[in-house]
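Notes follow once the structure below has been shown.
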Amino acid sequence: MGGFDCSVDKRNESIAVEHGNLLGEYKKRPEVKPLLVIKPFPFQVEISFGKALDSAREVLPAAEKAAEKFHCDVLDVLDRLVRELTDLQAAEKKGDAKAADKASKAVKKAEKELKSLAGTASTVIRKAVERELKALKSPVKAIAVSRTIARGLELRDDAFEGAAEDDEDEDEDEIDPSLAGLAKAVGKQTDEIESLVKDESRARKDLVKALAGAKNKLLKLGSGSKELRLEDVLKQHPKLSQPVEDATGDYLDVLKGLARQLDKLDKPIKKLEKLTAKDNKLGDNKANVETVIAVDKSRLALLKSLDEIERDVRFRCDESLFRGDFDRGKPLDAAVKLVEGQPDLAATAKELVRAAGELAKIAKG
C-alpha cells in the first residue's frame with residue numbers, strides 16, 4: 001500500500017493527493033491474477049482553500065492518512081471478493097453448477113461497490129483536511145475536486161469451468177429505443193472507450209519501460225556479452241522477466257476490456273440503423289445515416305487495430321522473448337520497436353468521439 005503523492009501548489013492555495021493506480025500492486029498477487037481482470041483505479045483529489053494558507057503544508061499528513069484509509073477500504077472490497085470467488089471455485093469442484101454464475105454476480109456487486117467508493121473520494125479527503133484545519137485554528141472552507149475513477153472488474157474467462165448466465169439483455173432493455181435514448185447510449189459507451197484508449201496508451205508505455213528495464217539489467221549481468229543465454233540467466237535470476245510478464249498481461253487486459261466495450265457499442269448502433277430504416281424522416285436525412293455509419297466505421301477500425309496489436313504483442317512478448325541468445329539486447333529492442341510501432345488508437349477514437357457528438361446534436365434536433 002502507500003504510494004500517494006501529496007503536494008501543495010506554489011501559492012499555498014490548494015493541495016493535491018494523487019495515486020496512479022490504487023490496484024496496481026493488488027492485481028499482481030498470485031491468488032488474484034487467476035481470478036480477476038482488474039482495471040485501473042486512479043486516485044486524484046484536489047482541495048482548494050480559495051486563498052493562500054500558511055498551514056497548507058501542515059494538513060498534508062491528515063490528507064494522506066485519509067487517503068490511506070480510503071485505499072484500505074478499496075482493498076477490503078477486493079479481499080472479500082477474492083475469498084468469495086475462491087470459496088465458489090471449491091464449491092464448483094464439489095458439484096455446484098451455479099458457481100460461475102454466482103461468481104459473475106459477486107464481481108458485478110463488487111464493481112458497483114468500488115465505483116460507489118470512488119464517488120466518495122473527494123468527501124473523504126475534504127473532511128479530513130477540514131478537521132485538521134479546525135485543530136490548527138484555521139477554519140477555512142475547503143472545496144474538493146475529484147478525478148478518482150474505478151474502471152471496473154471482470155471475472156477471468158478461465159476462472160471457472162462453468163459459464164455464467166448471460167445477463168447482457170438486461171442492459172439492452174434499459175436502453176431507451178428513441179433516437180435521443182440511443183444517442184445517449186452511444187455517448188456513454190464512447191466516453192468509456194475514450195478513457196480506455198488513454199489507459200491503452202499508458203499501458204503501452206509501461207510495457208516499453210519494462211522491456212527497456214529488462215534489457216538494461218541483462219546488459220549489466222552479461223556486460224553486453226553476445227554469448228549470453230537468456231534461459232541460463234533466468235535460472236539464476238527468475239524474477240528478471242516478471243516486470244515484462246506483468247506489463248504484458250496488463251496491456252493485454254486493457255486491450256481485452258476495450259474490445260468488450262466496442263462490442264457493446266454495436267447494440268445501440270444496430271438499433272439506430274433499424275430506426276433510420278423505419279423512420280422516413282430520419283432515413284431520408286443523409287446526414288443522419290452518414291453519422292451512424294461514421295460511428296460504426298470508427299468502432300470497426302478500432303476493433304481491427306486491437307486485433308492486430310493483440311496478435312503482435314502475444315507473438316513478440318510471450319515467454320519466447322527470454323529464450324535463446326541475448327545478442328546485446330536485439331530481441332528486446334525488436335519487441336520495443338514492435339510495441340511502439342502499433343497503430344495509434346487515439347486518432348481513431350477521436351473520430352469516434354466526433355461522430356458520437358454529431359449524433360447527439362441530431363438527437364437534440
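All residue names refer to the C-alpha cells as shown: chains lettered A, B, ... in order, residues numbered from 1 in each chain, ligands numbered from 1 in order.
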Shell around range 232-241 of chain A at 10 Å using only C-alpha atoms, local window under 4 positions removed, as a PyMOL selection string:
chain A and resi 210-211+213-215+217-218+221-222+228+245-246+319+321-326
Next, write the just-selected residues to a file, as a short mmCIF file (atom, residue, chain, number, x, y, z; two decimals), in the first residue's frame, keeping C-alpha atoms as the atom set.
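So the final result, stored in selection-v2.cif, reads:
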```
data_model
loop_
_atom_site.label_atom_id
_atom_site.label_comp_id
_atom_site.auth_asym_id
_atom_site.auth_seq_id
_atom_site.Cartn_x
_atom_site.Cartn_y
_atom_site.Cartn_z
CA ALA A 210 9.53 -2.88 -18.63
CA LEU A 211 11.22 -4.17 -21.79
CA GLY A 213 14.42 -2.19 -17.91
CA ALA A 214 14.90 -5.91 -18.57
CA LYS A 215 17.44 -5.15 -21.30
CA LYS A 217 19.54 -5.49 -16.26
CA LEU A 218 20.70 -8.12 -18.75
CA LEU A 221 24.64 -9.11 -15.88
CA GLY A 222 26.36 -10.02 -19.12
CA LEU A 228 24.70 -14.55 -23.02
CA GLU A 245 5.28 -10.53 -17.95
CA ASP A 246 3.19 -8.30 -15.67
CA GLU A 319 7.77 -16.48 -22.94
CA LEU A 321 11.23 -13.45 -25.54
CA PHE A 322 13.56 -14.75 -22.84
CA ARG A 323 14.91 -17.70 -24.78
CA GLY A 324 18.00 -18.00 -26.96
CA ASP A 325 20.89 -15.57 -27.34
CA PHE A 326 20.71 -12.15 -25.72
#
```
Taking the backbone alone, and naming residues the way the document does, which bits of range 11-246 of chain A are strand (DSSP E) by DSSP, as a list of chain:residue names?
A:Ser14, A:Ile15, A:Ala16, A:Val17, A:Glu18, A:His19, A:Leu36, A:Val37, A:Ile38, A:Phe43, A:Gln44, A:Val45, A:Glu46, A:Ile47, A:Ser48, A:Ile143, A:Ala144, A:Val145, A:Ser146, A:Leu153, A:Glu154, A:Leu155
Taking 6 positions as the minimum chain separation for residues in the same chain, which residues sit within 10 Å of His71 in chain A when counting only C-alpha atoms? Answer as an MDAnalysis selection string.
chainID A and resid 1:2 4 19 22:23 43 65 117 121
Identify, on the basis of only C-alpha atoms, every residue whose closest approach to Tyr26 in chain A does not exceed 12 Å; exclude the query and any residue fewer than 2 positions from it along the same chain; express the result as a PyMOL selection string.
chain A and resi 1-2+21-24+28-33+36-41+71-72+74-79+82+246
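Between CA of Tyr251 in chain A and CA of Gln189 in chain A the separation is 20.5 Å.
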Residue contacts of range 200-206 of chain A (7 Å, only C-alpha atoms) excluding same-chain residues fewer than 2 positions away, as a ChimeraX atom specification
/A:196-198,208-210,247,250-251,254-255
Write a file of the just-selected residues containing N, CA and C atoms, as a JSON list (two decimals), in the first residue's frame.
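Saved as part_28.json:
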```json
[["chain", "number", "residue", "atom", "x", "y", "z"],
["A", 196, "LEU", "N", -10.61, 4.26, -21.97],
["A", 196, "LEU", "CA", -9.81, 3.04, -22.12],
["A", 196, "LEU", "C", -8.69, 3.21, -23.15],
["A", 197, "VAL", "N", -8.91, 4.04, -24.15],
["A", 197, "VAL", "CA", -7.85, 4.32, -25.12],
["A", 197, "VAL", "C", -6.68, 5.03, -24.42],
["A", 198, "LYS", "N", -7.01, 5.91, -23.49],
["A", 198, "LYS", "CA", -5.96, 6.57, -22.70],
["A", 198, "LYS", "C", -5.23, 5.55, -21.82],
["A", 208, "VAL", "N", 6.77, -0.84, -22.69],
["A", 208, "VAL", "CA", 8.05, -0.42, -23.27],
["A", 208, "VAL", "C", 9.09, -0.18, -22.17],
["A", 209, "LYS", "N", 8.64, 0.45, -21.09],
["A", 209, "LYS", "CA", 9.54, 0.71, -19.95],
["A", 209, "LYS", "C", 10.04, -0.59, -19.34],
["A", 210, "ALA", "N", 9.14, -1.58, -19.20],
["A", 210, "ALA", "CA", 9.53, -2.88, -18.63],
["A", 210, "ALA", "C", 10.52, -3.60, -19.53],
["A", 247, "ALA", "N", 3.65, -6.46, -17.18],
["A", 247, "ALA", "CA", 3.27, -5.35, -18.07],
["A", 247, "ALA", "C", 2.56, -5.86, -19.32],
["A", 250, "ASP", "N", -0.95, -6.82, -18.23],
["A", 250, "ASP", "CA", -1.76, -5.62, -18.01],
["A", 250, "ASP", "C", -2.20, -5.01, -19.34],
["A", 251, "TYR", "N", -1.27, -4.98, -20.28],
["A", 251, "TYR", "CA", -1.57, -4.38, -21.59],
["A", 251, "TYR", "C", -2.64, -5.18, -22.32],
["A", 254, "VAL", "N", -6.04, -4.54, -20.86],
["A", 254, "VAL", "CA", -6.63, -3.27, -21.32],
["A", 254, "VAL", "C", -7.21, -3.44, -22.72],
["A", 255, "LEU", "N", -6.48, -4.13, -23.58],
["A", 255, "LEU", "CA", -6.96, -4.38, -24.95],
["A", 255, "LEU", "C", -8.26, -5.18, -24.92]]
```
For Glu310 in chain A, list every protein, DNA or RNA residue within 12 Å, evaluated using only C-alpha atoms, and leave out those in the same chain fewer than 2 positions away; present the list as a PyMOL selection string.
chain A and resi 200+204+248-256+258-259+303-308+312-318+338-339+342-343
Write the selection just made, keeping C-alpha atoms, as a compact mmCIF listing (two decimals), in the first residue's frame?
```
# COMPACT_ATOMS: atom_id res chain seq x y z
CA GLU A 200 -4.03 1.68 -23.53
CA ARG A 204 1.82 0.56 -23.78
CA THR A 248 2.35 -7.60 -21.00
CA GLY A 249 -0.55 -9.08 -19.05
CA ASP A 250 -1.76 -5.62 -18.01
CA TYR A 251 -1.57 -4.38 -21.59
CA LEU A 252 -3.49 -7.34 -22.96
CA ASP A 253 -6.12 -6.90 -20.24
CA VAL A 254 -6.63 -3.27 -21.32
CA LEU A 255 -6.96 -4.38 -24.95
CA LYS A 256 -9.50 -7.01 -23.95
CA LEU A 258 -11.51 -2.06 -24.82
CA ALA A 259 -12.65 -4.75 -27.25
CA LEU A 303 -11.53 -3.36 -33.34
CA LYS A 304 -9.33 -4.14 -36.34
CA SER A 305 -6.41 -2.29 -34.79
CA LEU A 306 -6.94 -4.11 -31.49
CA ASP A 307 -6.79 -7.48 -33.24
CA GLU A 308 -3.51 -6.52 -34.91
CA ASP A 312 1.66 -8.91 -32.47
CA VAL A 313 2.15 -8.40 -28.74
CA ARG A 314 1.27 -12.00 -27.93
CA PHE A 315 3.70 -13.17 -30.61
CA ARG A 316 6.62 -10.94 -29.65
CA CYS A 317 6.22 -10.58 -25.86
CA ASP A 318 5.41 -14.18 -24.86
CA LEU A 338 7.02 -3.61 -32.36
CA VAL A 339 5.09 -2.30 -29.35
CA GLN A 342 1.49 -0.45 -33.17
CA PRO A 343 -1.46 1.54 -34.62
```
Could you tell me how far CA of Asp176 in chain A lies from CA of Pro268 in chain A, in Å and to one decimal?
9.5 Å
Nearest residue to Lys102 in chain A out of A:Leu155, A:Ile149, A:Val45, A:Val129, using only C-alpha atoms?
A:Leu155
